[in-house]
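Engineer: Below are the structure tokens for one structure; questions will follow.
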Amino acid sequence: MRKIILSTLLILMSAWVYGGGYRVTLQGQKALAMGHTGVAIVQSSESVFFNPAGLVYLEDTLNVTAGISGVFMNIAYQNTVTGVSERSESPMGMPFYVYASYKANDWMAFGLGVYVPYGSEVRYPEGWAGSHLVNSIALQAIYIQPTVSFKLNDIISFGGGPIFAIGSVDFDRSVNRTLTDLEGNRSTVNVEASNVTSWGWVASTMIHFTENLHFGATYRSKIDLNADDGQATFQNIPNSPLTPFEDSKIAAGLPMPAEMTVGISYDYKDWIFAFDYNRTFWNAYHSLDIEFQNPNIPDSKNSRNYKNSSIYRFGLQYDVNQTFALRGGYYYDKSPVRAGYFAPETPRNDSSNFTAGMTVNIGSNFQIDAAFLYSYYKEINASYDYYYEDGVAVPFGGTYKSNAFAPSIGITYKM
Amino acid sequence: MKNYLKYTLLIFLAGFYGCEPEFENSVDDPGFYSSGSADFSRYVAVGNSLTAGYTDGALFISAQAYSYPNLMASKFQFVGGGEFNQPLMNDNIGGMKLGGTQILPNRLVLSVDANGNFSPVRMDAVPTTDAGTKLSGSFQNLGVPGAKSYHLMAPGYGNVAGILQGTANPYFVRFSSSENATVIADAASQDPTFFSLWIGNNDMLGYATSGGSGVDQTGNMNPETYETNDITDPNLFAAIFTQQVDALIQNGAKGVVFNLPEVTAIPYFNTVPTRVIPLDASTAAMLNSQFEPYNNLILPGLQAAGIISSDEAQMRKINFVSGQNFPIMSDDELTDISNLLMGTPFNLPVETAKLLGQLRQVNDDDLIVLTASSVIGTIPDTNNPLGIIGVSIPLEDQWVLTKKEQDRVKQATQAYNITIKTVAESRGLAFVDVNQALQRVANEGIPYDGGILTAQFVVGGTFSLDGVHPTPKGYAYITNLAIDAINRTYDATIPKVNVGDYPSLTLHNN
């Protein structure tokens, strides 16, 4: 037994991660600590996100849980031809969640969740070698999701509800590789849109094959966030009719892709073993296009051409005693980015992710949940080949190496 | 328990700040790039405007950042390069003042008029760089715009008192170590371990850009008798260049030297076409009738009298056609017949005689200089609308580099280049064949990751708005040529610059 605890702790101490594209998989500290598994686990109101169908099986009438993570994403870039090396200076991202569930009667429960499934925060040194692609980007989509969950019997249940999404984006880059003002300052454009809203939905089911073996499946629909009232602000533009750049309203859209999760969990004495499989339908993300209302400014087309991607998640939990539960997990996150489309704004190749965490019970109503994620990206030689200057493709490539850390803390109240 | 969690979190936080991703082989690791057999710890650059980073007809801060020595020094950082300071101008306007009076013009910017035509114009601003304000510190870029080979060895070239007499250079005055310092001594006294030397362009360029208005001083070894637009004697150049290199390598420094592009590769001489005058049939016929006596009486007469050769008589004939025409010009190498024309039997009025004195039409062997575009076709005297330069008023000699003049420039350039190559080889220095490279730019173009560098004015990307000096993109290309040569010669692996990342023209409407 001691050996097993030690190895769990080793997982905890070694490593973890963060999703492909701009998906942020930090939707519950208990689940995160177990490799962000949870579609087939009934344990807390985190199920509002992972599997609404599970809420109806919760023992307590009222379950409230909230948490926040600090995401530290580090990107190193170098090009051996020029000797250029750069490191991202990304600020800490702080995705959060709040879930509540209420068991109305024996066969029906209601839930409400607010969480941040999509987001990205990357900042490079101003004017760095790839600044014509991105200087900085901060994007986030907050989902607000009321759900209902009901069971047909003790074996099978269903859940689901609408999702109201609120998105914002702030994107900054150089206009191109060479345009400057008289002082030699690079010409830049900032694109900003906020309070972009749209609707989607979630549906799920849970099946208890045996008392110990559980199955879950959750589908979350695609939500297109289309901003038609964004603002582009240009800076350091030379005073010349040869440059059409001036501040303008913009329209732009970004898909929050659909996601399908299936998984099983198995209870054995004080242990829970879980496996989840995520499929994210990234093929919805063709291109990041910015249309300027000012007709003189050429629209910005940035091909992305993402492909659907998979994540394989493994987690385990060990209840040490009444007070402590320890968790560990691992997931392998396949990147949705195709070769030749590796843009520095989301430089995500396949990642290995290590998670660990614990819950401390304080009395019978309160829990403190802590989790830690370390994402490891292998060194990769990659390029983005779809940036054009006067119709000529100008690839931007080099070697990237990234990692991410996300210490996370949460609190749970149940009654 | 709460404290325990808090401390755990703090330890985690402290942990990731120290957990930056590290490359297996980082470009910043010592030894990733090799300096080969060279030592870049003290690099000095010596030369003229090209070395200073001069572009768009001026020197200014943002241009100096793109000087090829500065770009090279930034890459030498990977192989043990030390500090590299440049005598920065005071602004991005580019002109210079001396005691409140502007003595050098501002930079050129690409400007658009109301009709959408664009052309280089001088930036409209008051420059803040004063030649009388001495910079403090030591400078590793000793590129002095306007310097000829022998200027680098001339004591007093950095003495403010000599600027107005023309014995000193306002750029060198700003950073010379003393009034009697020479550029070469200021470079050599820094005990360089590596140097670059690109000098000699101005030893013939002034002659060329002035349409050959100077003197070819070949045979005259005394530079004190030279004027600005003269061609330096190639033997003098050889002696001086050798001395300069030997001064720079006296303590065992390695280095790179650059040869000189032939001027015919640069847009200053290739932009204005020789057939620049558009005429309709009736105007051409009218003009031809006016020149008929000159063609059919005067020239044959003078030829018969043995005053001009038959070749000259042929060359001097004027003929306009419907379509694009050669302008008429005054060629100071032709026999001056104005006095004869004023006398018997011609008895022409003074003005007509002067007009015809050294008259001929430009031909395909000539090169019209860039700045002539602002003169050709203009009417200098509004009271005489028929007096059009190039049509009825001859283009002055300074606007045209004739075949003979081109040959003198070419001969000098070739002679200088033999010296440069010979000295480089005998001293084991890296050698950059700029001449060949710019011929390639002019003839076929050089591809880079965003297009093709050509020698076309304004749009070619290589040459700035003055038609002579490179753009930052052009300098970046030259930087890579130099790094290639250094890597080859000294078995080094210095990284290069990405040409497409560098600007070409600056757009601005005053």
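Simple scheme: letters A, B, ... for chains in structure tokens order, numbers from 1 for residues in each chain, numbers from 1 for ligands in the order shown.
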Would you give me, as number ranges by chain, the residues of chain B that come within 9 Å of chain A, using only C-alpha atoms?

Structural biologist: B: 1, 5, 9, 12-13, 16-17, 19-24, 26-28, 33, 61-63, 75, 78, 91-93, 109-112, 116, 449-451, 494-498, 500-510

Engineer: Give me, as a ChimeraX atom specification, all polymer residues having an atom no more than 12 Å from Ile478 in chain B, counting only C-alpha atoms and skipping those fewer than 5 positions away in the same chain.

Structural biologist: /B:50-51,53,66-72,198,257-259,261,431-438,441,446,453,462-463,469-473,483-485,496-499

Engineer: Put those residues in a file: C-alpha atoms, as a compact mmCIF listing (two decimals), in the first residue's frame.

Structural biologist:
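Writing the result to result-v2.txt gives the following:
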```txt
# COMPACT_ATOMS: atom_id res chain seq x y z
CA LEU B 50 27.62 52.26 -46.99
CA THR B 51 29.33 51.29 -43.75
CA GLY B 53 24.12 52.73 -42.92
CA TYR B 66 20.27 48.49 -40.17
CA SER B 67 23.87 49.24 -41.17
CA TYR B 68 25.58 46.05 -42.30
CA PRO B 69 28.27 46.37 -39.58
CA ASN B 70 25.55 46.62 -36.93
CA LEU B 71 23.71 43.63 -38.38
CA MET B 72 26.98 41.68 -38.53
CA TRP B 198 34.62 48.80 -47.61
CA VAL B 257 36.87 43.46 -47.28
CA PHE B 258 34.34 44.36 -49.94
CA ASN B 259 34.93 45.25 -53.55
CA PRO B 261 30.01 47.63 -57.60
CA PHE B 431 36.41 38.87 -49.51
CA VAL B 432 32.94 39.92 -50.59
CA ASP B 433 32.37 40.27 -54.32
CA VAL B 434 29.72 42.98 -54.07
CA ASN B 435 30.23 43.80 -57.73
CA GLN B 436 29.20 40.37 -58.88
CA ALA B 437 26.34 40.23 -56.37
CA LEU B 438 24.84 43.53 -57.49
CA VAL B 441 20.57 41.73 -58.50
CA ILE B 446 17.91 37.59 -55.91
CA LEU B 453 15.42 41.71 -54.85
CA THR B 462 17.40 46.68 -52.92
CA PHE B 463 18.07 50.37 -53.47
CA HIS B 469 22.51 53.40 -51.36
CA PRO B 470 20.84 50.15 -50.36
CA THR B 471 17.65 49.88 -48.36
CA PRO B 472 17.78 48.05 -45.02
CA LYS B 473 16.76 44.98 -47.06
CA ILE B 483 28.84 36.40 -43.15
CA ASP B 484 29.06 33.78 -45.90
CA ALA B 485 32.53 35.01 -46.82
CA LYS B 496 22.64 35.08 -40.75
CA VAL B 497 19.88 37.65 -40.99
CA ASN B 498 16.52 37.03 -42.65
CA VAL B 499 16.43 39.52 -45.54
```

Engineer: Name the residues in contact with Lys103 in chain A at a cut-off of 8 Å, using only C-alpha atoms, excluding same-chain residues fewer than 5 positions from it; report them as a compact mmCIF listing (two decimals) with N, CA, C and O atoms, in the first residue's frame.

Structural biologist:
```txt
# COMPACT_ATOMS: atom_id res chain seq x y z
N LEU A 55 -25.64 13.98 -12.17
CA LEU A 55 -26.04 14.80 -11.02
C LEU A 55 -27.14 14.15 -10.20
O LEU A 55 -27.19 14.29 -8.98
N VAL A 56 -28.00 13.43 -10.91
CA VAL A 56 -29.15 12.85 -10.23
C VAL A 56 -28.74 11.75 -9.25
O VAL A 56 -29.50 11.38 -8.37
N LEU A 58 -26.09 12.01 -7.25
CA LEU A 58 -25.37 12.56 -6.10
C LEU A 58 -26.18 12.33 -4.83
O LEU A 58 -27.42 12.43 -4.82
N ASP A 60 -26.02 14.04 -1.85
CA ASP A 60 -26.47 15.21 -1.12
C ASP A 60 -27.48 16.00 -1.93
O ASP A 60 -27.46 16.00 -3.17
N THR A 61 -28.33 16.72 -1.24
CA THR A 61 -29.36 17.51 -1.91
C THR A 61 -28.76 18.69 -2.64
O THR A 61 -29.12 18.99 -3.77
N LEU A 62 -27.85 19.35 -1.95
CA LEU A 62 -27.25 20.55 -2.53
C LEU A 62 -25.74 20.38 -2.64
O LEU A 62 -25.10 19.99 -1.66
N MET A 108 -34.89 13.33 -10.21
CA MET A 108 -34.56 14.51 -11.00
C MET A 108 -33.69 15.48 -10.20
O MET A 108 -33.91 15.68 -9.00
N ALA A 109 -32.69 16.06 -10.90
CA ALA A 109 -31.84 17.07 -10.28
C ALA A 109 -31.64 18.22 -11.26
O ALA A 109 -31.68 18.03 -12.48
N PHE A 110 -31.43 19.40 -10.68
CA PHE A 110 -31.14 20.57 -11.51
C PHE A 110 -29.70 21.01 -11.25
O PHE A 110 -29.16 20.79 -10.16
```

Engineer: Report as a PyMOL selection string all protein, DNA and RNA residues lying within 8 Å of Trp399 in chain B, evaluated on only C-alpha atoms, omitting residues in the same chain fewer than 5 positions from it.

Structural biologist: chain B and resi 210-211+368-369+371-372

Engineer: Which residues are close to range 465-468 of chain B, i.e. within 6 Å by only C-alpha atoms, leaving aside same-chain residues fewer than 3 positions away? Reply as a PyMOL selection string.

Structural biologist: chain B and resi 56-57+267-268

Engineer: For the residues in the current selection, export N, CA, C and O atoms as a CSV table (one decimal), in the first residue's frame.

Structural biologist:
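Saved file result_30.csv follows:
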```csv
chain,number,residue,atom,x,y,z
B,56,ASP,N,18.3,56.4,-48.3
B,56,ASP,CA,17.4,57.5,-48.6
B,56,ASP,C,18.0,58.8,-48.6
B,56,ASP,O,17.4,59.8,-48.1
B,57,GLY,N,19.3,58.9,-49.0
B,57,GLY,CA,20.0,60.2,-49.1
B,57,GLY,C,20.3,60.8,-47.8
B,57,GLY,O,20.5,62.1,-47.8
B,267,PRO,N,20.4,51.9,-59.7
B,267,PRO,CA,19.2,52.6,-60.3
B,267,PRO,C,19.5,54.1,-60.6
B,267,PRO,O,18.8,54.6,-61.5
B,268,TYR,N,20.5,54.7,-60.0
B,268,TYR,CA,20.8,56.1,-60.2
B,268,TYR,C,21.1,56.3,-61.7
B,268,TYR,O,20.8,57.3,-62.3
```

Engineer: Choose the residue, out of A:Ile272, A:Leu152, A:Ala325, A:Leu133, that has the smallest atom-to-atom separation from Ser303 in chain A; count only C-alpha atoms.

Structural biologist: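 Nearest candidate to Ser303 in chain A out of A:Ile272, A:Leu152, A:Ala325, A:Leu133: A:Leu133.
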
Engineer: I need the residues of range 269-487 of chain B that end up classed as alpha helix (DSSP H) by DSSP on the backbone, written out as a count of residues only.

Structural biologist: 88

Engineer: Record the distance separating CA of Ala430 in chain B and CA of Phe84 in chain B, expressed in Å with one decimal.

Structural biologist: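 The value is 20.1 Å.
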
Engineer: Which residues in range 32-154 of chain A does DSSP call strand (DSSP E or B)? List them as number ranges by chain.

Structural biologist: A: 62-69, 71-78, 85-87, 93, 96-105, 108-123, 136-151

Engineer: Residues of the last selection are to be written out with C-alpha atoms, as a PDB file, in the first residue's frame.

Structural biologist:
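To be explicit, this is the file written out as result04.pdb:
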```
ATOM      1  CA  LEU A  62     -27.251  20.554  -2.533  1.00  0.00           C
ATOM      2  CA  ASN A  63     -23.776  20.531  -4.001  1.00  0.00           C
ATOM      3  CA  VAL A  64     -21.815  23.682  -4.737  1.00  0.00           C
ATOM      4  CA  THR A  65     -18.243  23.745  -5.940  1.00  0.00           C
ATOM      5  CA  ALA A  66     -16.021  26.521  -7.226  1.00  0.00           C
ATOM      6  CA  GLY A  67     -12.432  26.712  -8.282  1.00  0.00           C
ATOM      7  CA  ILE A  68      -9.791  28.680 -10.038  1.00  0.00           C
ATOM      8  CA  SER A  69      -6.529  27.839 -11.768  1.00  0.00           C
ATOM      9  CA  VAL A  71      -2.183  28.888 -15.956  1.00  0.00           C
ATOM     10  CA  PHE A  72       1.456  29.517 -16.718  1.00  0.00           C
ATOM     11  CA  MET A  73       2.166  28.779 -20.356  1.00  0.00           C
ATOM     12  CA  ASN A  74       5.794  29.017 -21.426  1.00  0.00           C
ATOM     13  CA  ILE A  75       6.824  28.969 -25.067  1.00  0.00           C
ATOM     14  CA  ALA A  76      10.394  29.011 -26.277  1.00  0.00           C
ATOM     15  CA  TYR A  77      11.157  29.616 -29.944  1.00  0.00           C
ATOM     16  CA  GLN A  78      14.421  29.544 -31.815  1.00  0.00           C
ATOM     17  CA  SER A  85      15.531  33.009 -29.872  1.00  0.00           C
ATOM     18  CA  GLU A  86      12.460  34.247 -28.102  1.00  0.00           C
ATOM     19  CA  ARG A  87      10.458  33.376 -25.040  1.00  0.00           C
ATOM     20  CA  GLY A  93      -4.404  32.919 -17.240  1.00  0.00           C
ATOM     21  CA  PHE A  96     -12.506  29.435 -13.114  1.00  0.00           C
ATOM     22  CA  TYR A  97     -15.670  27.449 -12.602  1.00  0.00           C
ATOM     23  CA  VAL A  98     -18.716  27.449 -10.355  1.00  0.00           C
ATOM     24  CA  TYR A  99     -21.133  24.521 -10.310  1.00  0.00           C
ATOM     25  CA  ALA A 100     -24.253  23.929  -8.262  1.00  0.00           C
ATOM     26  CA  SER A 101     -26.663  21.034  -8.282  1.00  0.00           C
ATOM     27  CA  TYR A 102     -29.919  20.547  -6.464  1.00  0.00           C
ATOM     28  CA  LYS A 103     -31.681  17.237  -6.157  1.00  0.00           C
ATOM     29  CA  ALA A 104     -35.380  18.018  -6.548  1.00  0.00           C
ATOM     30  CA  ASN A 105     -36.554  14.454  -5.912  1.00  0.00           C
ATOM     31  CA  MET A 108     -34.555  14.515 -10.996  1.00  0.00           C
ATOM     32  CA  ALA A 109     -31.836  17.072 -10.276  1.00  0.00           C
ATOM     33  CA  PHE A 110     -31.140  20.573 -11.505  1.00  0.00           C
ATOM     34  CA  GLY A 111     -27.768  22.096 -12.066  1.00  0.00           C
ATOM     35  CA  LEU A 112     -26.110  25.342 -13.038  1.00  0.00           C
ATOM     36  CA  GLY A 113     -22.563  25.813 -14.200  1.00  0.00           C
ATOM     37  CA  VAL A 114     -20.348  28.702 -15.179  1.00  0.00           C
ATOM     38  CA  TYR A 115     -16.984  27.726 -16.631  1.00  0.00           C
ATOM     39  CA  VAL A 116     -14.304  28.694 -19.134  1.00  0.00           C
ATOM     40  CA  PRO A 117     -13.711  25.864 -21.612  1.00  0.00           C
ATOM     41  CA  TYR A 118     -11.926  27.953 -24.210  1.00  0.00           C
ATOM     42  CA  GLY A 119      -9.234  30.505 -23.725  1.00  0.00           C
ATOM     43  CA  SER A 120      -5.698  31.393 -24.557  1.00  0.00           C
ATOM     44  CA  GLU A 121      -3.277  33.935 -23.318  1.00  0.00           C
ATOM     45  CA  VAL A 122      -0.010  34.242 -25.183  1.00  0.00           C
ATOM     46  CA  ARG A 123       2.297  37.214 -25.320  1.00  0.00           C
ATOM     47  CA  SER A 136      -0.169  38.834 -28.141  1.00  0.00           C
ATOM     48  CA  ILE A 137      -3.545  37.200 -27.921  1.00  0.00           C
ATOM     49  CA  ALA A 138      -6.007  36.917 -25.088  1.00  0.00           C
ATOM     50  CA  LEU A 139      -9.205  35.089 -25.812  1.00  0.00           C
ATOM     51  CA  GLN A 140     -11.773  33.532 -23.575  1.00  0.00           C
ATOM     52  CA  ALA A 141     -15.239  32.038 -23.768  1.00  0.00           C
ATOM     53  CA  ILE A 142     -17.342  31.761 -20.617  1.00  0.00           C
ATOM     54  CA  TYR A 143     -20.119  29.198 -20.731  1.00  0.00           C
ATOM     55  CA  ILE A 144     -23.222  29.509 -18.578  1.00  0.00           C
ATOM     56  CA  GLN A 145     -25.088  26.243 -18.514  1.00  0.00           C
ATOM     57  CA  PRO A 146     -28.308  25.377 -16.718  1.00  0.00           C
ATOM     58  CA  THR A 147     -29.011  21.648 -16.757  1.00  0.00           C
ATOM     59  CA  VAL A 148     -31.582  19.130 -15.809  1.00  0.00           C
ATOM     60  CA  SER A 149     -30.761  15.524 -14.956  1.00  0.00           C
ATOM     61  CA  PHE A 150     -33.142  12.631 -14.541  1.00  0.00           C
ATOM     62  CA  LYS A 151     -32.846   8.917 -14.180  1.00  0.00           C
TER      63      LYS A 151
END
```

Engineer: I'd like the contact shell of Val409 in chain B - 9 Å cut-off, only C-alpha atoms, skipping same-chain residues fewer than 6 positions apart - returned as a list of chain:residue names.

Structural biologist: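 Listed by chain and then number, they are B:Met204, B:Leu205, B:Tyr207, B:Ala208, B:Gly212, B:Asp216, B:Ile231, B:Glu262, B:Val263.
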
Engineer: If you count only C-alpha atoms, which residues fall within 7 Å of Ala251 in chain A, apart from same-chain ones fewer than 5 positions away, as a list in words?

Structural biologist: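 Contacts, with the query itself left out: Ala227, Asp228, Asp229, Gly230, Ile290, Glu291 and Phe292 of chain A.
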
Engineer: Save the residues we just selected, N, CA and C atoms, as a short mmCIF file (atom, residue, chain, number, x, y, z; two decimals), in the first residue's frame?

Structural biologist:
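Ended up saving to part-v6.cif:
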```cif
data_model
loop_
_atom_site.label_atom_id
_atom_site.label_comp_id
_atom_site.auth_asym_id
_atom_site.auth_seq_id
_atom_site.Cartn_x
_atom_site.Cartn_y
_atom_site.Cartn_z
N ALA A 227 -18.27 38.05 -33.86
CA ALA A 227 -18.29 39.45 -33.44
C ALA A 227 -18.52 40.30 -34.68
N ASP A 228 -19.55 41.13 -34.67
CA ASP A 228 -19.71 42.03 -35.82
C ASP A 228 -19.50 43.47 -35.42
N ASP A 229 -19.10 43.67 -34.16
CA ASP A 229 -18.92 45.05 -33.70
C ASP A 229 -17.57 45.19 -33.00
N GLY A 230 -16.59 44.47 -33.53
CA GLY A 230 -15.25 44.58 -32.95
C GLY A 230 -14.58 45.86 -33.41
N ILE A 290 -10.53 38.26 -40.40
CA ILE A 290 -10.96 39.55 -39.86
C ILE A 290 -11.38 40.43 -41.02
N GLU A 291 -12.64 40.81 -41.02
CA GLU A 291 -13.15 41.69 -42.08
C GLU A 291 -13.19 43.10 -41.53
N PHE A 292 -12.55 44.01 -42.26
CA PHE A 292 -12.56 45.40 -41.84
C PHE A 292 -13.74 46.10 -42.51
#
```

Engineer: Pick out the closest residue to Asn85 in chain B from this set: B:Val121, B:Ala284, B:Leu135, B:Leu348. Count only C-alpha atoms.

Structural biologist: B:Leu135

Engineer: Between CA of Glu227 in chain B and CA of Glu333 in chain B, what distance in Å does the model show, to one decimal?

Structural biologist: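 Atom-to-atom, CA of Glu227 in chain B and CA of Glu333 in chain B are spaced 19.1 Å apart.
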